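Structure, as structure tokens:
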Amino acid sequence: MAIVEGDIVLARCGGTTYEGVLMPSTTGKTVVKLKNGYNIGLEPGNVTLELIDKKSELKGPQIELPAPNPKLPNISILSTGGTIASKVDYRTGAVTSQFTAEDILLAIPELTEIANYNARVCYSILSENMRPEYWVKLAEEVNNEIKAGADGIIITHGTDTMMYTAAAIAFMIKTPVPIVFVGSQRSADRPSSDNAMNAICAAKVAVSDIAEVTVVMHGSTSDDFCHIHRGAKIRKMHTSRRDAFQSINSRPLGRVEYPSGEINTYLDYKRRGEQELSINTNIEPRCTLVKYTTGASPEMLLFASANYKGIVLEGTGLGHVSTEWVPYIERTTQAGVPVIVTSQCINGRVCDRVYDTGRDILKAGALEGEDMLPEVALVKLMWALGQTSDFDEVKKLMLTDIAGEMTRSSRTSGVIHNNF
Ligand code: GLU
């Protein structure tokens with residue numbers, strides 16, 4: 001029988017034998033994905049291949065999901081895609097987002113000891129393709145699941161833009177049950193994959209008393225605990241490390257020990273049942289984030305104010321821009337387009353009352369974004385402009401803590417996470 005890509009083979013080369021899946025190759029080498037997840041490239045002239053089994057990805061699941069246990073809580077898993085919902089496509093060799101949420105359970109059977117699951121695919125996208133209108137649909141799905149009796153929600157999501165979606169859901173929904181975002185930095189085919197541990201810790205939080213929108217991801221480079229972050233206070237701070245997610249300007253809300261599943265919290269939080277379920281998905285997606293850089297033309301603001309309803313400005317240190325930008329800020333705010341100033345420093349609080357430029361920026365009508373992350377301020381501005389178009393009301397909302405996105409005390413803002 002002919003050997004094709006995706007088949008399991010024994011490759012013999014120079015006296016060594018390798019067992020694995022025959023992969024597509026772009027280099028002319030014979031590429032075999034070994035059982036440990038790594039690929040090996042062999043010179044085709046020196047390799048003989050023996051077929052062990054046909055197309056690995058066409059096999060069905062190896063285990064059956066157990067019947068629901070009436071003693072366990074009920075969790076809804078809403079899958080949006082990303083690495084945690086990915087597998088290797090043996091046609092292209094790429095990691096693609098094509099697992100269903102049920103596949104996640106089959107791949108991580110430990111989950112079934114924690115809860116019963118109702119698993120649904122909302123999207124199958126890489127998170128760079130997420131859009132504000134998808135946040136709205138996701139919020140509606142979450143709302144429906146909670147109304148239908150879910151004791152907790154897990155949302156699987158690509159890590160790249162998880163902080164935008166988590167913030168959006170935190171602004172849109174007041175929840176009586178945990179809503180937990182989880183992703184993974186490394187796909188399931190890699191030995192260092194974080195997907196199983198992150199998903200198990202997320203399930204522990206989903207059945208816990210923490211009725212907030214949180215993000216649960218690896219807390220260290222080892223497989224020892226996950227951090228529980230507030231959805232509107234996190235950022236992905238590393239391209240590839242498993243502990244890339246960090247709470248900014250706040251401690252994490254808590255941590256989940258692995259494998260025990262014990263939860264310890266550091267901050268006060270909303271308890272299960274403390275809030276009534278309510279949803280408010282009105283948003284104005286036409287908002288943008290303008291980053292000030294040395295020498296940047298203030299005309300960017302003219303373009304932004306002509307095309308957008310609200311602007312978040314990422315300024316320097318305490319929240320500054322060059323003096324020549326000030327009249328443009330004034331024109332923008334006078335045209336009824338709010339300008340919220342945040343900082344490129346990420347850590348710390350904007351304060352435009354210290355230096356002249358800052359005072360001028362405030363006089364021009366801009367608003368200090370306190371210690372909000374620039375992207376969180378952007379999502380919040382979209383949400384605030386969805387509630388009201390009244391300039392003063394928008395300003396009031398932007399200065400009100402809605403979902404834990406602003407900490408009032410600067411003491412916690414002093415924590416700088418640079419432990420890489
Ligand atoms: N860029 C993709 C995403 O954010 C894959 C990365 C990931 O899931 O971590 O969905």
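Residue numbering restarts at 1 in every chain; chains get A, B, ... in the order shown in the structure tokens, and ligands count up from 1 in that same order.
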
Ile40 of chain A environment, 10 Å, only C-alpha atoms, sequence neighbours closer than 4 positions dropped, as an MDAnalysis selection string
chainID A and resid 18 20 22:23 29:34

Show me which residues sit within 9 Å of ligand 1 when counting only C-alpha atoms and all ligand atoms, and put them as an mmCIF file with N, CA, C and O atoms, in the first residue's frame.
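Writing done, so here's part21.cif:
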data_model
loop_
_atom_site.group_PDB
_atom_site.id
_atom_site.type_symbol
_atom_site.label_atom_id
_atom_site.label_comp_id
_atom_site.auth_asym_id
_atom_site.auth_seq_id
_atom_site.Cartn_x
_atom_site.Cartn_y
_atom_site.Cartn_z
ATOM 1 N N THR A 80 -13.626 29.104 20.939
ATOM 2 C CA THR A 80 -13.504 30.128 19.881
ATOM 3 C C THR A 80 -12.327 29.842 18.949
ATOM 4 O O THR A 80 -12.180 30.495 17.933
ATOM 5 N N GLY A 81 -11.465 28.880 19.338
ATOM 6 C CA GLY A 81 -10.320 28.550 18.470
ATOM 7 C C GLY A 81 -9.013 28.778 19.194
ATOM 8 O O GLY A 81 -8.943 28.657 20.407
ATOM 9 N N GLY A 82 -7.970 29.094 18.433
ATOM 10 C CA GLY A 82 -6.648 29.314 19.026
ATOM 11 C C GLY A 82 -5.907 28.006 19.231
ATOM 12 O O GLY A 82 -6.402 26.923 18.904
ATOM 13 N N THR A 83 -4.719 28.111 19.795
ATOM 14 C CA THR A 83 -3.853 26.940 19.957
ATOM 15 C C THR A 83 -4.481 25.873 20.835
ATOM 16 O O THR A 83 -4.310 24.677 20.593
ATOM 17 N N ILE A 84 -5.211 26.283 21.864
ATOM 18 C CA ILE A 84 -5.783 25.281 22.774
ATOM 19 C C ILE A 84 -6.792 24.388 22.048
ATOM 20 O O ILE A 84 -7.026 23.258 22.438
ATOM 21 N N ALA A 85 -7.343 24.903 20.978
ATOM 22 C CA ALA A 85 -8.309 24.110 20.207
ATOM 23 C C ALA A 85 -7.705 23.667 18.878
ATOM 24 O O ALA A 85 -8.396 23.486 17.892
ATOM 25 N N SER A 86 -6.381 23.511 18.851
ATOM 26 C CA SER A 86 -5.720 23.218 17.577
ATOM 27 C C SER A 86 -5.133 21.822 17.544
ATOM 28 O O SER A 86 -4.889 21.205 18.559
ATOM 29 N N VAL A 95 -0.178 24.042 12.343
ATOM 30 C CA VAL A 95 -1.119 23.866 13.441
ATOM 31 C C VAL A 95 -2.374 24.642 13.062
ATOM 32 O O VAL A 95 -2.317 25.829 12.785
ATOM 33 N N THR A 96 -3.499 23.978 12.994
ATOM 34 C CA THR A 96 -4.724 24.682 12.621
ATOM 35 C C THR A 96 -5.781 24.504 13.696
ATOM 36 O O THR A 96 -5.758 23.542 14.468
ATOM 37 N N SER A 97 -6.696 25.447 13.687
ATOM 38 C CA SER A 97 -7.711 25.483 14.714
ATOM 39 C C SER A 97 -8.907 24.684 14.238
ATOM 40 O O SER A 97 -9.749 25.201 13.539
ATOM 41 N N ILE A 125 -11.473 30.127 15.076
ATOM 42 C CA ILE A 125 -10.575 31.123 14.478
ATOM 43 C C ILE A 125 -9.318 31.288 15.327
ATOM 44 O O ILE A 125 -9.310 30.986 16.506
ATOM 45 N N LEU A 126 -8.282 31.766 14.676
ATOM 46 C CA LEU A 126 -7.122 32.233 15.425
ATOM 47 C C LEU A 126 -7.515 33.613 15.946
ATOM 48 O O LEU A 126 -8.259 34.352 15.282
ATOM 49 N N SER A 127 -7.032 33.948 17.130
ATOM 50 C CA SER A 127 -7.641 35.107 17.790
ATOM 51 C C SER A 127 -7.288 36.436 17.137
ATOM 52 O O SER A 127 -7.928 37.446 17.412
ATOM 53 N N GLU A 128 -6.311 36.438 16.236
ATOM 54 C CA GLU A 128 -6.062 37.678 15.487
ATOM 55 C C GLU A 128 -7.244 38.005 14.566
ATOM 56 O O GLU A 128 -7.383 39.117 14.080
ATOM 57 N N ASN A 129 -8.097 37.005 14.335
ATOM 58 C CA ASN A 129 -9.282 37.236 13.498
ATOM 59 C C ASN A 129 -10.535 37.561 14.309
ATOM 60 O O ASN A 129 -11.631 37.645 13.754
ATOM 61 N N MET A 130 -10.372 37.710 15.614
ATOM 62 C CA MET A 130 -11.515 38.088 16.459
ATOM 63 C C MET A 130 -11.968 39.498 16.079
ATOM 64 O O MET A 130 -11.161 40.315 15.621
ATOM 65 N N HIS A 157 -9.754 30.222 23.960
ATOM 66 C CA HIS A 157 -9.488 31.385 23.102
ATOM 67 C C HIS A 157 -8.011 31.421 22.747
ATOM 68 O O HIS A 157 -7.161 31.034 23.564
ATOM 69 N N GLY A 158 -7.677 31.889 21.567
ATOM 70 C CA GLY A 158 -6.277 32.125 21.220
ATOM 71 C C GLY A 158 -5.687 33.148 22.170
ATOM 72 O O GLY A 158 -6.391 34.041 22.657
ATOM 73 N N THR A 159 -4.415 32.996 22.459
ATOM 74 C CA THR A 159 -3.825 33.841 23.498
ATOM 75 C C THR A 159 -3.530 35.264 23.023
ATOM 76 O O THR A 159 -3.467 36.180 23.838
ATOM 77 N N ASP A 160 -3.347 35.434 21.704
ATOM 78 C CA ASP A 160 -2.863 36.730 21.224
ATOM 79 C C ASP A 160 -3.788 37.895 21.553
ATOM 80 O O ASP A 160 -3.340 38.987 21.877
ATOM 81 N N THR A 161 -5.069 37.688 21.450
ATOM 82 C CA THR A 161 -6.004 38.796 21.707
ATOM 83 C C THR A 161 -6.988 38.445 22.833
ATOM 84 O O THR A 161 -8.038 39.065 22.950
ATOM 85 N N MET A 162 -6.587 37.474 23.641
ATOM 86 C CA MET A 162 -7.491 37.046 24.723
ATOM 87 C C MET A 162 -7.809 38.213 25.661
ATOM 88 O O MET A 162 -8.908 38.327 26.195
ATOM 89 N N GLY A 183 -6.356 29.538 27.421
ATOM 90 C CA GLY A 183 -5.719 29.298 26.127
ATOM 91 C C GLY A 183 -4.483 28.469 26.335
ATOM 92 O O GLY A 183 -4.233 27.969 27.439
ATOM 93 N N SER A 184 -3.712 28.306 25.285
ATOM 94 C CA SER A 184 -2.419 27.661 25.503
ATOM 95 C C SER A 184 -1.409 28.249 24.545
ATOM 96 O O SER A 184 -1.740 28.669 23.443
ATOM 97 N N GLN A 185 -0.191 28.299 25.029
ATOM 98 C CA GLN A 185 0.904 28.884 24.266
ATOM 99 C C GLN A 185 1.528 27.855 23.332
ATOM 100 O O GLN A 185 2.156 28.201 22.357
ATOM 101 N N ARG A 186 1.381 26.595 23.687
ATOM 102 C CA ARG A 186 2.040 25.541 22.891
ATOM 103 C C ARG A 186 1.036 24.437 22.601
ATOM 104 O O ARG A 186 0.358 23.949 23.501
ATOM 105 N N SER A 187 0.979 24.035 21.337
ATOM 106 C CA SER A 187 -0.088 23.126 20.920
ATOM 107 C C SER A 187 0.112 21.713 21.485
ATOM 108 O O SER A 187 1.205 21.342 21.922
ATOM 109 N N THR A 239 6.064 36.267 23.858
ATOM 110 C CA THR A 239 5.524 35.639 22.649
ATOM 111 C C THR A 239 5.315 34.140 22.807
ATOM 112 O O THR A 239 4.385 33.581 22.235
ATOM 113 N N SER A 240 6.163 33.482 23.600
ATOM 114 C CA SER A 240 6.095 32.025 23.583
ATOM 115 C C SER A 240 6.123 31.352 24.945
ATOM 116 O O SER A 240 5.768 30.182 25.041
#

From the DSSP assignment of the backbone, select every residue of segment 92-340 of chain A that is strand (DSSP E), and format the answer as a PyMOL selection string.
chain A and resi 95-97+116-125+152-156+173-174+179-182+213-218+225-230+234-236+245-247+254-257+263-265+278-279+287-291+310-315+339-340

Same residues, C-alpha atoms, output as a short mmCIF file (atom, residue, chain, number, x, y, z; two decimals), in the first residue's frame:
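Generated output (again-v7.cif):
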data_model
loop_
_atom_site.label_atom_id
_atom_site.label_comp_id
_atom_site.auth_asym_id
_atom_site.auth_seq_id
_atom_site.Cartn_x
_atom_site.Cartn_y
_atom_site.Cartn_z
CA VAL A 95 -1.12 23.87 13.44
CA THR A 96 -4.72 24.68 12.62
CA SER A 97 -7.71 25.48 14.71
CA ASN A 116 -20.20 17.69 33.46
CA TYR A 117 -19.76 19.63 30.25
CA ASN A 118 -21.92 21.08 27.59
CA ALA A 119 -19.42 21.89 24.85
CA ARG A 120 -20.06 24.15 21.86
CA VAL A 121 -18.02 25.72 19.10
CA CYS A 122 -18.75 29.44 18.76
CA TYR A 123 -15.85 30.18 16.43
CA SER A 124 -12.95 28.26 14.95
CA ILE A 125 -10.58 31.12 14.48
CA GLY A 152 -19.67 28.04 35.24
CA ILE A 153 -18.38 28.92 31.79
CA ILE A 154 -15.03 28.14 30.16
CA ILE A 155 -14.14 30.06 27.02
CA THR A 156 -11.22 28.65 25.06
CA ILE A 173 -21.79 40.79 31.55
CA LYS A 174 -22.50 40.90 35.26
CA ILE A 179 -16.57 32.90 33.45
CA VAL A 180 -13.08 31.62 32.75
CA PHE A 181 -10.94 32.28 29.68
CA VAL A 182 -8.20 29.79 28.92
CA VAL A 213 -14.53 37.07 34.32
CA THR A 214 -11.04 35.64 34.72
CA VAL A 215 -8.15 34.35 32.65
CA VAL A 216 -6.42 31.18 33.88
CA MET A 217 -2.98 30.43 32.46
CA HIS A 218 0.36 28.94 33.57
CA PHE A 225 0.34 26.26 39.27
CA CYS A 226 -1.82 28.54 37.17
CA HIS A 227 -2.56 32.14 37.95
CA ILE A 228 -6.13 33.45 38.03
CA HIS A 229 -6.13 36.93 36.48
CA ARG A 230 -8.93 39.48 36.29
CA ILE A 234 -4.07 41.17 32.03
CA ARG A 235 -1.63 41.24 29.21
CA LYS A 236 0.27 38.63 27.24
CA PHE A 245 0.13 36.16 30.98
CA GLN A 246 0.57 38.62 33.80
CA SER A 247 -1.77 40.82 35.78
CA GLY A 254 -5.32 34.07 42.92
CA ARG A 255 -3.74 30.81 41.90
CA VAL A 256 -4.67 27.18 41.30
CA GLU A 257 -2.17 24.58 42.48
CA ILE A 263 -7.32 27.53 44.96
CA ASN A 264 -5.78 30.40 46.94
CA THR A 265 -6.88 33.99 46.39
CA SER A 278 -27.25 40.95 33.35
CA ILE A 279 -25.93 41.62 29.89
CA CYS A 287 -12.80 53.51 18.39
CA THR A 288 -9.06 53.38 17.96
CA LEU A 289 -5.77 53.34 19.81
CA VAL A 290 -3.20 55.89 18.69
CA LYS A 291 0.33 55.38 19.92
CA GLY A 310 -13.44 57.70 20.38
CA ILE A 311 -9.66 57.66 20.73
CA VAL A 312 -7.33 56.11 23.26
CA LEU A 313 -3.96 57.80 23.17
CA GLU A 314 -0.97 55.79 24.33
CA GLY A 315 1.35 58.50 25.54
CA VAL A 339 -9.55 61.22 24.04
CA ILE A 340 -8.39 58.92 26.85
#

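For segment 221-223 of chain A, the non-local neighbours within 10 Å, defined as residues at least 4 positions apart in the same chain or in other chains and counting only C-alpha atoms, are Ser192, Asp194, Met197, Asn198, Arg241, Arg242, Asp243, Ala244, Glu257, Tyr258, Pro259 and Phe420 of chain A.
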
Fewer than 5 positions away in the same chain doesn't count, so skip those; otherwise give me all residues within 9 Å of segment 366-380 of chain A, counting only C-alpha atoms, as a ChimeraX atom specification.
/A:132,163-165,167-168,171,232-235,248-249,283,285,287-289,310-314,319,329-330,333,338-344,346-352,361,385,395,397-399,402,405-408,410,413

DSSP-assigned alpha helix (DSSP H) among segment 165-359 of chain A, expressed as an MDAnalysis selection string:
chainID A and resid 165:172 195:206 299:307 326:334 356:359

Pick from A:Leu277, A:Ala196, A:Ala335, A:Ile146: nearest to Ser305 of chain A, with only C-alpha atoms counted?
A:Ala335

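Remark: for Pro66 of chain A, the closest of the candidate residues A:Ala296, A:Cys345, A:Ile52, A:Leu106 is A:Leu106 (distances computed over only C-alpha atoms).
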
Find the distance between atom CA of Glu113 of chain A and atom CA of Ala150 of chain A and write it in Å to one decimal.
16.6 Å

Residue with smallest distance to Ala188 of chain A - pool A:Asn36, A:Asn144, A:Ser208, A:Thr323, counting only C-alpha atoms
A:Asn36

In Å, how far is it from atom CA of Ala115 of chain A to atom CA of Leu78 of chain A?
14.7 Å
